[in-house]
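Here's upload_28.txt, which has compact mmCIF, C-alpha atoms and all ligand atoms:
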# COMPACT_ATOMS: atom_id res chain seq x y z
CA LEU A 1 -63.71 126.03 145.78
CA GLU A 2 -65.09 124.20 142.77
CA LYS A 3 -61.55 123.51 141.60
CA ILE A 4 -60.71 121.30 144.56
CA VAL A 5 -59.31 118.03 143.31
CA GLU A 6 -60.49 114.95 145.15
CA CYS A 7 -57.63 113.27 146.99
CA ASP A 8 -57.10 109.63 147.65
CA GLN A 9 -59.78 108.91 150.21
CA GLN A 10 -57.69 106.18 151.83
CA GLN A 11 -55.12 108.61 153.21
CA HIS A 12 -55.66 109.85 156.75
CA ALA A 13 -56.61 113.45 157.28
CA VAL A 14 -53.45 115.16 158.51
CA THR A 15 -52.97 118.90 158.21
CA LYS A 16 -49.92 120.15 156.33
CA ASP A 17 -48.18 120.66 159.70
CA GLN A 18 -49.01 117.09 160.76
CA GLN A 19 -52.03 117.54 163.03
CA ARG A 20 -54.19 114.44 162.80
CA ILE A 21 -57.90 115.07 162.25
CA MET A 22 -60.32 112.18 162.61
CA VAL A 23 -62.80 111.96 159.75
CA HIS A 24 -65.91 109.84 160.31
CA ILE A 25 -68.98 109.28 158.20
CA ASN A 26 -72.63 109.99 158.86
CA ALA A 27 -74.59 106.87 157.99
CA GLY A 28 -78.09 105.47 157.96
CA LEU A 29 -78.59 103.88 154.58
CA SER A 30 -77.52 100.32 153.84
CA ALA A 31 -75.00 101.64 151.28
CA ASP A 32 -73.06 103.06 154.22
CA SER A 33 -72.25 99.49 155.26
CA HIS A 34 -70.22 98.97 152.08
CA LEU A 35 -66.64 99.03 153.18
CA ALA A 36 -65.25 99.47 149.67
CA LEU A 37 -67.08 102.78 149.28
CA ASN A 38 -65.77 104.15 152.56
CA LYS A 39 -62.15 103.07 152.77
CA GLY A 40 -59.91 105.20 154.93
CA ILE A 41 -62.50 106.61 157.31
CA ASP A 42 -61.91 106.66 161.05
CA GLY A 43 -65.32 105.26 161.95
CA VAL A 44 -69.01 106.09 161.87
CA GLY A 45 -69.55 109.36 163.75
CA LEU A 46 -73.32 109.30 163.41
CA TYR A 47 -75.57 106.41 162.47
CA ARG A 48 -79.07 107.89 162.17
CA THR A 49 -81.22 104.93 163.25
CA GLU A 50 -84.40 106.77 162.26
CA VAL A 51 -83.51 106.42 158.58
CA PRO A 52 -84.43 102.72 158.34
CA PHE A 53 -87.53 103.45 160.50
CA LEU A 54 -88.59 106.15 158.02
CA LEU A 55 -88.21 103.79 155.08
CA GLN A 56 -90.58 101.18 156.53
CA ARG A 57 -94.37 100.86 156.49
CA SER A 58 -94.57 99.94 160.16
CA PHE A 59 -92.30 99.81 163.18
CA PRO A 60 -89.36 97.57 162.29
CA SER A 61 -89.33 94.37 164.30
CA GLU A 62 -86.51 93.54 166.68
CA GLU A 63 -85.10 91.15 164.08
CA GLU A 64 -85.21 93.77 161.33
CA GLN A 65 -83.45 96.24 163.59
CA ILE A 66 -80.80 93.79 164.67
CA ASN A 67 -79.86 92.97 161.08
CA GLN A 68 -79.38 96.64 160.28
CA TYR A 69 -77.31 97.35 163.39
CA ARG A 70 -75.23 94.20 162.94
CA ALA A 71 -74.45 95.14 159.35
CA ILE A 72 -72.97 98.50 160.26
CA LEU A 73 -71.17 97.31 163.43
CA HIS A 74 -69.58 94.40 161.59
CA THR A 75 -68.51 96.55 158.64
CA TYR A 76 -66.27 98.64 160.91
CA PRO A 77 -65.32 96.19 163.69
CA ASP A 78 -62.14 98.05 164.67
CA GLN A 79 -63.56 101.55 164.62
CA PRO A 80 -66.17 103.34 166.70
CA VAL A 81 -69.73 103.23 165.39
CA VAL A 82 -71.83 105.91 167.04
CA MET A 83 -75.46 104.79 166.95
CA ARG A 84 -77.96 107.47 167.73
CA THR A 85 -81.23 106.41 169.29
CA LEU A 86 -84.40 107.23 167.40
CA ASP A 87 -84.66 110.93 166.48
CA ILE A 88 -88.13 111.17 165.01
CA GLY A 89 -90.55 114.07 165.18
CA GLY A 90 -89.61 117.55 163.99
CA ASP A 91 -88.80 117.22 160.30
CA LYS A 92 -88.82 113.41 160.52
CA PRO A 93 -92.39 112.20 161.15
CA LEU A 94 -92.88 108.44 160.90
CA PRO A 95 -95.46 107.65 158.19
CA TYR A 96 -97.13 105.08 160.49
CA LEU A 97 -97.26 107.24 163.62
CA SER A 98 -99.04 110.51 163.33
CA ILE A 99 -97.95 113.29 165.67
CA GLU A 100 -100.09 116.40 165.23
CA GLU A 101 -98.44 119.47 166.70
CA ASP A 102 -98.35 123.21 166.02
CA ASN A 103 -94.59 123.38 166.55
CA PRO A 104 -93.05 119.98 165.77
CA PHE A 105 -89.48 121.26 166.06
CA LEU A 106 -90.26 122.40 169.61
CA GLY A 107 -92.38 119.40 170.37
CA TRP A 108 -92.30 115.68 170.78
CA ARG A 109 -89.04 114.77 169.08
CA GLY A 110 -85.88 112.77 169.75
CA ILE A 111 -85.31 111.77 173.36
CA ARG A 112 -88.60 113.40 174.44
CA PHE A 113 -90.56 110.93 172.34
CA THR A 114 -88.51 107.88 173.31
CA LEU A 115 -88.58 108.64 177.05
CA ASP A 116 -92.37 108.81 176.77
CA HIS A 117 -92.26 105.47 174.94
CA PRO A 118 -89.80 103.50 177.07
CA GLU A 119 -90.88 100.25 175.41
CA ILE A 120 -89.68 101.52 172.00
CA PHE A 121 -86.48 102.89 173.53
CA MET A 122 -85.80 99.72 175.50
CA ILE A 123 -86.25 97.49 172.46
CA GLN A 124 -84.00 99.70 170.38
CA VAL A 125 -81.18 99.84 172.93
CA ARG A 126 -81.45 96.12 173.64
CA THR A 127 -81.24 95.44 169.94
CA MET A 128 -78.16 97.62 169.54
CA LEU A 129 -76.52 95.77 172.44
CA ARG A 130 -77.45 92.35 171.06
CA ALA A 131 -76.04 93.37 167.69
CA SER A 132 -72.76 94.35 169.39
CA ILE A 133 -72.11 90.99 171.11
CA GLY A 134 -68.58 89.91 170.27
CA LEU A 135 -67.58 93.47 169.29
CA THR A 136 -66.30 96.49 171.22
CA ASN A 137 -67.19 99.31 168.83
CA LEU A 138 -70.72 100.36 169.85
CA ASP A 139 -71.20 103.92 171.09
CA ILE A 140 -74.74 105.09 171.94
CA LEU A 141 -75.70 108.69 171.23
CA LEU A 142 -78.81 110.43 172.60
CA PRO A 143 -80.49 113.11 170.46
CA MET A 144 -82.20 116.37 171.50
CA ILE A 145 -81.12 116.31 175.13
CA SER A 146 -82.14 119.64 176.69
CA GLY A 147 -81.46 118.88 180.36
CA ILE A 148 -79.60 116.50 182.65
CA ASN A 149 -82.79 114.81 183.86
CA GLU A 150 -83.41 113.45 180.35
CA LEU A 151 -79.86 112.13 180.21
CA ASP A 152 -80.15 110.45 183.62
CA ASP A 153 -83.50 108.87 182.69
CA ALA A 154 -82.17 107.59 179.37
CA LYS A 155 -79.06 106.19 181.05
CA ALA A 156 -81.18 104.29 183.57
CA ILE A 157 -83.02 102.57 180.69
CA ILE A 158 -79.75 101.80 178.90
CA GLU A 159 -78.36 100.33 182.13
CA ARG A 160 -81.39 98.03 182.45
CA ALA A 161 -81.08 96.97 178.81
CA TYR A 162 -77.39 96.27 179.37
CA THR A 163 -78.00 94.09 182.42
CA ASP A 164 -80.65 92.20 180.52
CA VAL A 165 -78.59 91.52 177.40
CA ALA A 166 -75.37 90.86 179.36
CA GLN A 167 -77.12 88.11 181.36
CA THR A 168 -78.43 86.40 178.24
CA ALA A 169 -75.04 86.72 176.59
CA LEU A 170 -73.29 85.28 179.64
CA ALA A 171 -75.64 82.31 179.70
CA ALA A 172 -74.54 81.63 176.13
CA GLY A 173 -70.87 82.02 177.12
CA GLN A 174 -70.47 85.44 175.50
CA GLN A 175 -69.25 88.76 176.86
CA LEU A 176 -71.09 92.02 176.33
CA HIS A 177 -68.89 95.08 176.04
CA LYS A 178 -70.14 98.24 177.80
CA PRO A 179 -71.07 100.84 175.19
CA ARG A 180 -69.77 104.38 175.51
CA ILE A 181 -72.64 106.82 175.99
CA GLY A 182 -72.80 110.34 174.60
CA ILE A 183 -75.26 113.09 173.86
CA MET A 184 -75.89 115.43 170.98
CA ILE A 185 -75.16 119.06 171.77
CA GLU A 186 -77.84 120.62 169.62
CA VAL A 187 -80.28 122.29 172.02
CA PRO A 188 -78.75 125.60 173.20
CA SER A 189 -79.58 124.94 176.87
CA MET A 190 -76.77 122.38 176.89
CA LEU A 191 -74.21 125.12 176.21
CA TYR A 192 -74.64 126.06 179.87
CA GLN A 193 -74.71 122.52 181.22
CA LEU A 194 -71.48 121.14 179.81
CA HIS A 195 -69.84 120.99 183.25
CA ALA A 196 -72.65 118.68 184.41
CA LEU A 197 -71.72 116.13 181.75
CA VAL A 198 -68.46 115.24 183.51
CA GLY A 199 -68.80 111.71 184.86
CA ARG A 200 -72.17 111.32 183.10
CA VAL A 201 -71.15 110.86 179.46
CA ASP A 202 -68.17 109.42 177.63
CA PHE A 203 -68.34 111.82 174.68
CA ILE A 204 -70.36 114.60 173.08
CA SER A 205 -71.33 115.19 169.47
CA VAL A 206 -72.23 118.63 168.17
CA GLY A 207 -75.31 118.80 165.96
CA SER A 208 -74.64 122.07 164.19
CA ASN A 209 -77.82 121.73 162.09
CA ASP A 210 -80.18 121.89 165.04
CA LEU A 211 -77.90 124.11 167.09
CA THR A 212 -78.12 126.71 164.31
CA GLN A 213 -81.88 126.28 164.01
CA TYR A 214 -82.49 126.70 167.73
CA LEU A 215 -79.95 129.46 168.38
CA LEU A 216 -81.27 131.58 165.52
CA ALA A 217 -84.93 130.61 166.02
CA VAL A 218 -85.19 129.66 162.36
CA ASP A 219 -86.74 126.54 160.83
CA ARG A 220 -83.92 124.65 159.09
CA ASN A 221 -86.24 123.54 156.26
CA ASN A 222 -88.30 126.65 155.57
CA ALA A 223 -87.24 128.16 152.23
CA ARG A 224 -88.77 131.51 153.17
CA VAL A 225 -86.26 132.03 155.95
CA ALA A 226 -83.37 130.11 154.38
CA ASN A 227 -81.31 133.30 154.27
CA VAL A 228 -81.58 133.59 158.07
CA TYR A 229 -80.45 129.99 158.62
CA ASP A 230 -76.67 130.32 158.59
CA ALA A 231 -74.25 128.18 160.58
CA LEU A 232 -71.60 130.88 160.08
CA HIS A 233 -73.65 133.37 162.12
CA PRO A 234 -71.22 134.75 164.72
CA ALA A 235 -73.47 133.50 167.54
CA VAL A 236 -73.23 129.94 166.23
CA LEU A 237 -69.46 130.22 165.80
CA HIS A 238 -69.04 131.50 169.35
CA ALA A 239 -71.22 128.64 170.62
CA LEU A 240 -69.05 126.14 168.73
CA LYS A 241 -65.90 127.69 170.17
CA HIS A 242 -67.36 127.57 173.67
CA ILE A 243 -68.19 123.87 173.23
CA VAL A 244 -64.71 122.87 172.05
CA ASP A 245 -63.00 124.91 174.78
CA SER A 246 -65.27 123.40 177.44
CA ALA A 247 -64.77 119.89 176.05
CA LYS A 248 -61.01 120.35 176.44
CA ARG A 249 -61.38 121.74 179.94
CA TYR A 250 -63.62 118.87 181.03
CA GLN A 251 -61.76 116.25 178.98
CA LEU A 252 -64.85 115.23 177.05
CA PRO A 253 -64.12 113.75 173.61
CA VAL A 254 -66.02 115.85 171.07
CA CYS A 255 -66.99 115.46 167.42
CA VAL A 256 -69.03 117.68 165.09
CA CYS A 257 -71.57 115.72 163.05
CA GLY A 258 -73.74 118.49 161.56
CA GLU A 259 -73.50 119.51 157.89
CA LEU A 260 -70.96 122.20 158.77
CA ALA A 261 -68.28 119.54 159.26
CA GLY A 262 -68.61 118.38 155.64
CA ASP A 263 -68.48 121.89 154.20
CA PRO A 264 -64.97 123.17 153.30
CA VAL A 265 -65.54 126.55 154.98
CA GLY A 266 -67.00 124.91 158.07
CA ALA A 267 -64.34 122.21 158.35
CA VAL A 268 -61.48 124.71 158.17
CA LEU A 269 -63.08 126.91 160.84
CA LEU A 270 -63.87 123.96 163.12
CA VAL A 271 -60.31 122.64 162.94
CA GLY A 272 -59.07 126.20 163.49
CA MET A 273 -61.21 126.42 166.66
CA GLY A 274 -59.66 123.22 167.98
CA TYR A 275 -61.98 120.40 166.86
CA ARG A 276 -60.06 117.24 165.97
CA SER A 277 -62.95 115.00 164.99
CA LEU A 278 -65.47 115.63 162.21
CA SER A 279 -68.28 113.44 160.91
CA MET A 280 -69.82 114.03 157.50
CA ASN A 281 -71.74 112.52 154.61
CA ALA A 282 -69.52 110.02 152.82
CA ARG A 283 -69.54 112.05 149.61
CA ASN A 284 -67.70 114.92 151.35
CA VAL A 285 -64.87 112.86 152.82
CA ALA A 286 -62.39 113.06 149.92
CA LYS A 287 -62.91 116.80 149.47
CA ILE A 288 -62.47 117.62 153.16
CA LYS A 289 -59.40 115.40 153.48
CA TYR A 290 -57.86 117.12 150.46
CA ILE A 291 -58.37 120.56 151.97
CA LEU A 292 -57.08 119.61 155.43
CA ARG A 293 -53.96 117.97 153.97
CA HIS A 294 -53.03 121.14 152.07
CA ILE A 295 -53.37 123.70 154.87
CA ASN A 296 -51.37 124.22 158.06
CA GLY A 297 -53.37 123.71 161.24
CA SER A 298 -51.69 126.81 162.68
CA ASP A 299 -53.02 128.91 159.78
CA MET A 300 -56.53 127.55 160.40
CA THR A 301 -56.16 128.56 164.05
CA SER A 302 -55.27 132.14 163.05
CA LEU A 303 -58.18 132.23 160.60
CA ALA A 304 -60.63 131.01 163.26
CA THR A 305 -59.37 133.62 165.73
CA GLN A 306 -59.84 136.31 163.09
CA THR A 307 -63.34 135.19 162.08
CA LEU A 308 -64.47 135.10 165.70
CA GLN A 309 -63.94 138.89 165.74
CA VAL A 310 -66.25 139.37 162.76
CA ASP A 311 -69.86 140.48 163.31
CA VAL A 312 -71.57 139.30 160.12
CA ALA A 313 -71.87 135.79 158.65
CA ASP A 314 -71.23 136.93 155.07
CA ASP A 315 -67.89 138.42 156.11
CA VAL A 316 -66.94 135.14 157.81
CA ARG A 317 -67.77 133.26 154.60
CA GLN A 318 -65.83 135.71 152.43
CA LEU A 319 -62.74 135.65 154.63
CA THR A 320 -62.72 131.86 154.87
CA THR A 321 -63.36 131.27 151.17
CA ALA A 322 -60.52 133.64 150.25
CA PHE A 323 -58.30 131.81 152.75
CA ILE A 324 -59.00 128.40 151.19
CA GLU A 325 -58.59 129.69 147.65
CA GLN A 326 -55.00 130.74 148.39
CA TYR A 327 -54.11 127.04 148.54
CA GLN A 328 -55.46 126.06 145.12
C1 LIG A 401 -77.71 118.00 163.68
O1 LIG A 401 -78.73 118.45 164.20
O2 LIG A 401 -76.74 118.71 163.35
C2 LIG A 401 -77.59 116.55 163.41
C3 LIG A 401 -76.46 116.01 163.01
O3 LIG A 401 -78.70 115.79 163.55
P1 LIG A 401 -79.90 115.75 162.48
O4 LIG A 401 -79.42 116.51 161.25
O5 LIG A 401 -80.15 114.32 162.21
O6 LIG A 401 -80.99 116.46 163.20
MG MG A 402 -80.21 117.15 165.09
Rewrite the structure of this file - the entire thing - as structure tokens.
Amino acid sequence: LEKIVECDQQQHAVTKDQQRIMVHINAGLSADSHLALNKGIDGVGLYRTEVPFLLQRSFPSEEEQINQYRAILHTYPDQPVVMRTLDIGGDKPLPYLSIEEDNPFLGWRGIRFTLDHPEIFMIQVRTMLRASIGLTNLDILLPMISGINELDDAKAIIERAYTDVAQTALAAGQQLHKPRIGIMIEVPSMLYQLHALVGRVDFISVGSNDLTQYLLAVDRNNARVANVYDALHPAVLHALKHIVDSAKRYQLPVCVCGELAGDPVGAVLLVGMGYRSLSMNARNVAKIKYILRHINGSDMTSLATQTLQVDVADDVRQLTTAFIEQYQ
């Protein structure tokens, strides 16, 4: 795999047998707003809004937030920019807000924190909407949803923010586009609630990092159990297959934005399972495009079918690595 030559990043990702795969970037740092660095991407699949919050000494003001959101939305005006609402807690504690908990990964994180702090959530969503005035590319993504009640509550707040900002915009003679709303599929409970998302969300985004952590009951950052944390565990692969099959059945647009999408082995398996949209760190884009362009989608499908019969993660890795190496 080391031998993979980086391809021209500006070319679209199309498999050798002409299946188009959308390749988006995961963003959060200001460098991600530099168009020249990210030519040829299909949009921003995940903008982690907590990143600028984590870099500050205190809660960013509305004006600070709006400048950050405007920068990224205006960099990619013709492509979707998926902005995730604040996902703090867990491994991402804010330096200026102490949350003491025995089990932070099972505690007050993501949507749980923001629903308990509607003022923070409201300001953030309103700011995203204000930043999007004049554009049509804002998608809002909700992290750590574990049940439909959280989604409904979050949507009610977004609706209020929308009405608010739309009125102000209208008074100034401007139109406010309705954002598409989606949720992260990263808490395993959602695997059994996908049907309930029909009519409630416009898209879903698979967080394979947390999905792996919660399915395998293993801390994603604990070196002691790093050997247990494996996104190629057959249970994770079957979950991913179930999600893509359900998304097709329910006609829910789906993207994978966890680290797996930017890993050659993961990308090949995901495309083989049926995913057509991947979001990854910008540094992985050229490598993943190169691999996808050199392999037939139909061969990836056969590989995925074969690996789904395998019982051990190491065997999945071995099979998939050998498969990719044939093409070098
Ligand atoms: C994930 O959980 O896979 C994900 C993309 O979100 P984060 O890594 O920010 O938790
Ligand atoms: Mg996550």
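Using all atoms listed in the file, residues with at least one atom at most 8 Å away from any atom of ligand LIG 401 (chain A) are Leu46, Arg48, Asp87, Pro143, Met184, Glu186, Val206, Gly207, Ser208, Asn209, Asp210, Leu211, Val256, Cys257, Gly258 and Glu259 of chain A.
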Notebook entry, point to check: How many Å separate atom CA of A:Val81 from atom CA of A:Gly272?
Noted result: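 Those two atoms sit 25.4 Å apart.
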Notebook entry, point to check: What separation in Å, quoted to one decimal, exists between atom CA of A:Asp263 and atom CA of A:Ser298?
Noted result: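 Distance reported for this atom pair: 19.4 Å.
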Check: From the list A:Ser302, A:Gln318, A:Asn149, A:Gln56, which residue is nearest A:Leu232 when using all atoms listed in the file?
Finding: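 Nearest candidate to A:Leu232 out of A:Ser302, A:Gln318, A:Asn149, A:Gln56: A:Gln318.
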Check: How many Å separate atom CA of A:His233 from atom CA of A:Arg293?
Finding: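 Calculated distance between atom CA of A:His233 and atom CA of A:Arg293 is 26.3 Å.
Checking A:Val310, A:Ile88, A:Val236, A:Leu176 one by one against ligand MG 402 (chain A), counting only C-alpha atoms and all ligand atoms, you find the shortest gap at A:Ile88.
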Next item on the list: Would you mind telling me which residue in A:Gln193, A:Ala71, A:Gly43, A:Asn221 lies nearest to A:Lys92 when using all atoms listed in the file?
Entry: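 Ranking A:Gln193, A:Ala71, A:Gly43, A:Asn221 by distance to A:Lys92, first place goes to A:Asn221.
A cut-off of 10 Å from the point (-68.4, 129.4, 167.5), with only C-alpha atoms, picks out the residues Ala231, Leu232, His233, Pro234, Ala235, Val236, Leu237, His238, Ala239, Leu240, Lys241, His242, Ile243, Val244, Leu269, Leu270, Met273, Ala304, Thr307 and Leu308 of chain A.
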Notebook entry, point to check: Closest to A:Asp219 among A:Asp17, A:Asp91, A:Glu62, A:Asp78, using all atoms listed in the file?
Noted result: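 Comparing A:Asp17, A:Asp91, A:Glu62, A:Asp78 against A:Asp219, the winner is A:Asp91.
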